[in-house]
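Q: Next up, protein.txt (compact mmCIF, C-alpha atoms).
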# COMPACT_ATOMS: atom_id res chain seq x y z
CA MET D 23 -0.33 -10.93 5.19
CA ARG D 24 -0.67 -10.44 1.46
CA GLY D 25 1.01 -12.78 -1.01
CA PHE D 26 1.31 -10.11 -3.68
CA TYR D 27 0.47 -6.48 -3.65
CA SER D 28 1.36 -3.51 -5.75
CA LEU D 29 2.48 0.05 -5.24
CA PHE D 30 0.85 0.71 -8.59
CA CYS D 31 -2.90 0.45 -8.76
CA ILE D 32 -5.90 2.61 -9.46
CA PHE D 33 -6.09 3.01 -5.69
CA PRO D 34 -2.97 3.67 -3.60
CA SER D 35 -1.37 0.50 -2.38
CA ALA D 36 1.86 -1.47 -2.55
CA ASN D 37 3.16 -4.35 -4.72
CA ASP D 38 5.58 -6.72 -3.20
CA ILE D 39 6.30 -10.28 -4.12
CA LYS D 40 7.11 -12.84 -1.48
CA HIS D 41 9.24 -15.45 -3.23
CA ASN D 42 9.48 -17.95 -0.35
CA GLN D 43 13.23 -17.42 -0.74
CA ASP D 44 15.59 -14.74 0.52
CA ASN D 45 14.47 -12.38 -2.29
CA PHE D 46 12.02 -9.49 -2.01
CA THR D 47 10.61 -7.50 -4.94
CA ILE D 48 8.64 -4.25 -5.10
CA ILE D 49 6.98 -3.29 -8.39
CA ASP D 50 6.25 0.40 -8.97
CA CYS D 51 5.13 2.95 -6.41
CA CYS D 52 1.84 4.77 -5.80
CA LEU D 53 1.95 6.13 -2.28
CA ASN D 54 0.21 9.18 -0.89
CA ASP D 55 0.38 11.05 2.41
CA SER D 56 -2.46 9.05 3.93
CA ASN D 57 -1.00 5.58 3.25
CA LYS D 58 2.75 5.90 2.78
CA LYS D 59 3.85 5.32 6.38
CA THR D 60 1.68 2.22 6.83
CA ILE D 61 2.70 0.67 3.52
CA VAL D 62 6.41 1.40 3.88
CA ASP D 63 6.38 0.12 7.47
CA GLU D 64 4.93 -3.15 6.14
CA ILE D 65 7.49 -3.32 3.33
CA ILE D 66 10.32 -2.78 5.81
CA GLN D 67 8.97 -5.52 8.07
CA GLU D 68 8.36 -7.99 5.21
CA SER D 69 11.77 -7.40 3.62
CA SER D 70 13.85 -7.27 6.80
CA SER D 71 14.78 -10.95 6.70
CA LYS D 72 15.63 -10.94 2.98
CA ASN D 73 19.18 -10.78 1.63
CA ILE D 74 18.22 -9.61 -1.86
CA SER D 75 15.71 -6.88 -2.61
CA ARG D 76 14.85 -5.17 -5.86
CA PHE D 77 12.55 -2.44 -7.10
CA ILE D 78 11.11 -2.89 -10.60
CA SER D 79 9.86 0.25 -12.32
CA THR D 80 7.52 -0.53 -15.20
CA HIS D 81 7.63 3.05 -16.54
CA PRO D 82 8.24 6.58 -15.22
CA ASP D 83 4.71 8.01 -15.07
CA GLN D 84 3.77 9.74 -11.83
CA ASP D 85 1.02 7.21 -11.04
CA HIS D 86 3.80 4.59 -10.94
CA LEU D 87 6.33 6.79 -9.08
CA ALA D 88 4.31 8.59 -6.40
CA GLY D 89 6.12 8.22 -3.09
CA LEU D 90 9.34 6.79 -4.57
CA GLU D 91 11.51 9.37 -2.80
CA TYR D 92 9.79 8.59 0.53
CA LEU D 93 10.12 4.84 0.01
CA ASN D 94 13.82 5.20 -0.82
CA SER D 95 14.44 7.46 2.19
CA ARG D 96 12.94 4.87 4.57
CA ASN D 97 14.07 1.70 2.78
CA PRO D 98 17.00 2.46 0.46
CA ILE D 99 16.64 0.89 -2.99
CA LEU D 100 19.80 -1.09 -3.73
CA ASN D 101 18.71 -2.76 -6.98
CA PHE D 102 16.64 -0.64 -9.38
CA TYR D 103 15.30 -2.41 -12.47
CA CYS D 104 13.88 -0.28 -15.28
CA VAL D 105 13.52 -0.09 -19.03
CA LYS D 106 16.41 1.82 -20.60
CA ASN D 107 15.22 5.35 -21.23
CA GLU D 108 16.10 9.02 -21.09
CA ALA D 109 12.65 10.20 -20.04
CA THR D 110 12.14 13.82 -19.12
CA LYS D 111 9.04 15.61 -17.86
CA PRO D 112 7.93 19.21 -18.45
CA GLU D 113 7.13 19.41 -14.73
CA GLU D 114 9.49 17.30 -12.69
CA THR D 115 8.41 16.01 -9.30
CA ILE D 116 10.60 14.96 -6.39
CA ASP D 117 9.64 11.36 -7.20
CA PHE D 118 10.52 11.67 -10.89
CA ASN D 119 13.86 13.20 -9.91
CA LYS D 120 14.49 10.23 -7.58
CA TYR D 121 13.54 7.89 -10.45
CA CYS D 122 16.11 9.60 -12.71
CA GLU D 123 18.76 9.45 -9.98
CA LEU D 124 18.21 5.70 -9.51
CA ARG D 125 17.87 5.04 -13.27
CA ASP D 126 21.19 6.75 -13.95
CA SER D 127 23.05 5.19 -11.02
CA ASP D 128 25.13 2.05 -10.64
CA LYS D 129 22.09 0.54 -8.85
CA ALA D 130 20.20 0.33 -12.16
CA PHE D 131 19.73 -2.78 -14.29
CA ASN D 132 17.97 -2.31 -17.62
CA ILE D 133 15.21 -4.82 -18.26
CA SER D 134 13.65 -6.03 -21.49
CA LYS D 135 11.88 -9.14 -22.73
CA GLY D 136 13.85 -12.25 -21.91
CA CYS D 137 16.60 -10.54 -19.92
CA LYS D 138 18.48 -12.68 -17.41
CA ARG D 139 19.74 -11.70 -13.99
CA LYS D 140 21.23 -13.72 -11.18
CA TRP D 141 18.61 -14.41 -8.53
CA MET D 142 15.85 -12.70 -10.52
CA ASN D 143 15.51 -15.64 -12.92
CA GLU D 144 18.81 -17.50 -12.63
CA ASP D 145 20.08 -19.68 -9.77
CA ASP D 146 23.59 -20.02 -8.51
CA THR D 147 25.17 -22.10 -5.77
CA THR D 148 24.29 -19.41 -3.20
CA ARG D 149 20.54 -19.10 -3.77
CA LYS D 150 17.61 -19.92 -5.98
CA HIS D 151 16.04 -17.45 -8.39
CA SER D 152 12.88 -15.45 -7.72
CA GLY D 153 10.97 -16.71 -10.74
CA ILE D 154 10.57 -13.29 -12.35
CA SER D 155 10.36 -13.23 -16.15
CA ILE D 156 10.35 -9.94 -18.00
CA LEU D 157 7.97 -9.95 -20.97
CA TRP D 158 8.22 -6.32 -22.09
CA PRO D 159 9.58 -4.37 -23.86
CA ASP D 160 10.34 -6.53 -26.83
CA TRP D 161 13.05 -4.56 -28.64
CA ALA D 162 12.48 -6.69 -31.77
CA LYS D 163 9.07 -5.07 -32.25
CA VAL D 164 9.06 -2.03 -34.54
CA PRO D 165 7.78 0.59 -32.02
CA PHE D 166 10.68 -0.21 -29.67
CA GLN D 167 13.54 -0.16 -32.16
CA VAL D 168 16.09 2.55 -31.50
Would you write the structure of this file as structure tokens?

A:
Amino acid sequence: MRGFYSLFCIFPSANDIKHNQDNFTIIDCCLNDSNKKTIVDEIIQESSSKNISRFISTHPDQDHLAGLEYLNSRNPILNFYCVKNEATKPEETIDFNKYCELRDSDKAFNISKGCKRKWMNEDDTTRKHSGISILWPDWAKVPFQV
């Protein structure tokens, strides 16, 4: 069993974080037809005993979204963390469309440097946090100002 693996990589794989708590995190998605069933089966197995799960999207490029629709169809994404954006693509894919659907839904939580979220990086009386700290984007930096 892997301690950490990513769905975003130069080679197709999966990123999940095992927090040794009842939290489960997936970061990005880069699945293809040859690996998607195996990886999603493993994600389903690894996350089945967790009460909290989240998907963190670092950015909406296809190499970070490939297989997102398949992943969501097999293991519905209930908490979708992404940088606030209104990204569009000249050629939309099924995975980009799923990204937009999740980004624009009530499942979305916009992340930025230093953001706080219960159970991501804040405890409560119910459970401990996952230890995830968001370091980017830093909206105070000039290129990210609106």

Q: Leaving out Phe118 (chain D) and any residue of its chain fewer than 4 positions from it, which residues lie within 9 Å of it when counting only C-alpha atoms, given as a compact mmCIF listing (two decimals) with C-alpha atoms, in the frame of the given file?

A:
# COMPACT_ATOMS: atom_id res chain seq x y z
CA PRO D 82 8.24 6.58 -15.22
CA ASP D 83 4.71 8.01 -15.07
CA GLN D 84 3.77 9.74 -11.83
CA LEU D 87 6.33 6.79 -9.08
CA ALA D 88 4.31 8.59 -6.40
CA LEU D 90 9.34 6.79 -4.57
CA GLU D 91 11.51 9.37 -2.80
CA THR D 110 12.14 13.82 -19.12
CA LYS D 111 9.04 15.61 -17.86
CA GLU D 114 9.49 17.30 -12.69
CA CYS D 122 16.11 9.60 -12.71
CA GLU D 123 18.76 9.45 -9.98

Q: Report the distance between CA of Pro112 (chain D) and CA of Val62 (chain D) in Å, rounded to one decimal place.

A: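 CA of Val62 (chain D) lies at a distance of 28.6 Å from CA of Pro112 (chain D).
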
Q: Between CA of Trp141 (chain D) and CA of Asp117 (chain D), measure the distance and give it in Å to one decimal.

A: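 These two atoms are separated by 27.3 Å.
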
Q: Please identify all polymer residues lying at most 9 Å from the point (14.8, -13.9, -23.7) (file coordinates), using all atoms listed in the file, and present the result as an MDAnalysis selection string.

A: chainID D and resid 134:138 155:157

Q: So which one's closest to Trp158 (chain D), D:Gln43, D:Ser79, D:Asn54, D:Thr60? Using all atoms listed in the file, please.

A: D:Ser79

Q: Using all atoms listed in the file, which protein or nucleic acid residues come within 9 Å of Ser69 (chain D)? Drop anything in the same chain fewer than 6 positions from it, and give the result as a list in words.

A: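 My reading of the contact set: Lys40, Asp44, Asn45, Phe46, Thr47 and Ser75 of chain D.
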
Q: Considering all atoms listed in the file, state which residue in the set D:Arg76, D:Arg139, D:Lys129, D:Lys106 is at the smallest distance from Trp161 (chain D).

A: D:Lys106

Q: Point out the residue among D:Asn101, D:Asn73, D:Asn107, D:Asn57 with the least atom-to-atom distance to Gly89 (chain D), counting only C-alpha atoms.

A: D:Asn57

Q: Quick one: distance from CA of Cys51 (chain D) to CA of Asp85 (chain D) in Å, one decimal?

A: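 Distance between the two atoms: 7.5 Å.
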
Q: If you keep N, CA and C atoms, can you output region 142-163 of chain D as a PDB file, in the first residue's frame?

A:
ATOM      1  N   MET D 142      -9.724  19.862   7.261  1.00  0.00           N
ATOM      2  CA  MET D 142      -8.588  19.937   6.351  1.00  0.00           C
ATOM      3  C   MET D 142      -7.361  20.376   7.155  1.00  0.00           C
ATOM      4  N   ASN D 143      -7.527  21.491   7.911  1.00  0.00           N
ATOM      5  CA  ASN D 143      -6.434  21.978   8.740  1.00  0.00           C
ATOM      6  C   ASN D 143      -6.913  22.564  10.065  1.00  0.00           C
ATOM      7  N   GLU D 144      -8.144  22.270  10.426  1.00  0.00           N
ATOM      8  CA  GLU D 144      -8.689  22.675  11.719  1.00  0.00           C
ATOM      9  C   GLU D 144      -9.412  21.506  12.375  1.00  0.00           C
ATOM     10  N   ASP D 145      -9.166  21.305  13.664  1.00  0.00           N
ATOM     11  CA  ASP D 145      -9.851  20.277  14.446  1.00  0.00           C
ATOM     12  C   ASP D 145     -11.198  20.788  14.925  1.00  0.00           C
ATOM     13  N   ASP D 146     -12.022  19.861  15.349  1.00  0.00           N
ATOM     14  CA  ASP D 146     -13.173  20.182  16.172  1.00  0.00           C
ATOM     15  C   ASP D 146     -13.350  19.041  17.167  1.00  0.00           C
ATOM     16  N   THR D 147     -14.423  19.043  17.904  1.00  0.00           N
ATOM     17  CA  THR D 147     -14.611  17.999  18.916  1.00  0.00           C
ATOM     18  C   THR D 147     -14.936  16.646  18.289  1.00  0.00           C
ATOM     19  N   THR D 148     -15.311  16.635  17.013  1.00  0.00           N
ATOM     20  CA  THR D 148     -15.659  15.402  16.314  1.00  0.00           C
ATOM     21  C   THR D 148     -14.442  14.658  15.797  1.00  0.00           C
ATOM     22  N   ARG D 149     -13.500  15.400  15.202  1.00  0.00           N
ATOM     23  CA  ARG D 149     -12.334  14.757  14.579  1.00  0.00           C
ATOM     24  C   ARG D 149     -11.172  15.720  14.478  1.00  0.00           C
ATOM     25  N   LYS D 150     -10.020  15.126  14.262  1.00  0.00           N
ATOM     26  CA  LYS D 150      -8.782  15.887  14.059  1.00  0.00           C
ATOM     27  C   LYS D 150      -8.713  16.359  12.606  1.00  0.00           C
ATOM     28  N   HIS D 151      -7.810  17.295  12.363  1.00  0.00           N
ATOM     29  CA  HIS D 151      -7.606  17.783  10.996  1.00  0.00           C
ATOM     30  C   HIS D 151      -6.683  16.843  10.220  1.00  0.00           C
ATOM     31  N   SER D 152      -6.618  17.059   8.918  1.00  0.00           N
ATOM     32  CA  SER D 152      -5.813  16.226   8.021  1.00  0.00           C
ATOM     33  C   SER D 152      -4.382  16.703   7.893  1.00  0.00           C
ATOM     34  N   GLY D 153      -4.098  17.907   8.327  1.00  0.00           N
ATOM     35  CA  GLY D 153      -2.744  18.431   8.225  1.00  0.00           C
ATOM     36  C   GLY D 153      -2.414  19.020   6.874  1.00  0.00           C
ATOM     37  N   ILE D 154      -3.417  19.400   6.113  1.00  0.00           N
ATOM     38  CA  ILE D 154      -3.194  19.973   4.780  1.00  0.00           C
ATOM     39  C   ILE D 154      -3.110  21.488   4.899  1.00  0.00           C
ATOM     40  N   SER D 155      -2.026  22.057   4.386  1.00  0.00           N
ATOM     41  CA  SER D 155      -1.857  23.509   4.328  1.00  0.00           C
ATOM     42  C   SER D 155      -1.767  23.921   2.871  1.00  0.00           C
ATOM     43  N   ILE D 156      -2.546  24.897   2.499  1.00  0.00           N
ATOM     44  CA  ILE D 156      -2.536  25.401   1.126  1.00  0.00           C
ATOM     45  C   ILE D 156      -1.531  26.555   1.055  1.00  0.00           C
ATOM     46  N   LEU D 157      -0.604  26.463   0.134  1.00  0.00           N
ATOM     47  CA  LEU D 157       0.466  27.456   0.005  1.00  0.00           C
ATOM     48  C   LEU D 157       0.350  28.326  -1.249  1.00  0.00           C
ATOM     49  N   TRP D 158      -0.621  28.028  -2.094  1.00  0.00           N
ATOM     50  CA  TRP D 158      -0.785  28.750  -3.355  1.00  0.00           C
ATOM     51  C   TRP D 158      -2.238  28.696  -3.767  1.00  0.00           C
ATOM     52  N   PRO D 159      -2.786  29.671  -4.429  1.00  0.00           N
ATOM     53  CA  PRO D 159      -2.164  30.945  -4.802  1.00  0.00           C
ATOM     54  C   PRO D 159      -2.152  31.929  -3.640  1.00  0.00           C
ATOM     55  N   ASP D 160      -1.210  32.829  -3.738  1.00  0.00           N
ATOM     56  CA  ASP D 160      -1.088  33.906  -2.768  1.00  0.00           C
ATOM     57  C   ASP D 160      -1.685  35.137  -3.431  1.00  0.00           C
ATOM     58  N   TRP D 161      -2.921  35.472  -3.067  1.00  0.00           N
ATOM     59  CA  TRP D 161      -3.643  36.569  -3.722  1.00  0.00           C
ATOM     60  C   TRP D 161      -2.985  37.920  -3.463  1.00  0.00           C
ATOM     61  N   ALA D 162      -2.078  38.005  -2.502  1.00  0.00           N
ATOM     62  CA  ALA D 162      -1.370  39.257  -2.234  1.00  0.00           C
ATOM     63  C   ALA D 162      -0.297  39.554  -3.283  1.00  0.00           C
ATOM     64  N   LYS D 163       0.108  38.513  -4.010  1.00  0.00           N
ATOM     65  CA  LYS D 163       1.131  38.700  -5.044  1.00  0.00           C
ATOM     66  C   LYS D 163       0.497  39.345  -6.271  1.00  0.00           C
TER      67      LYS D 163
END
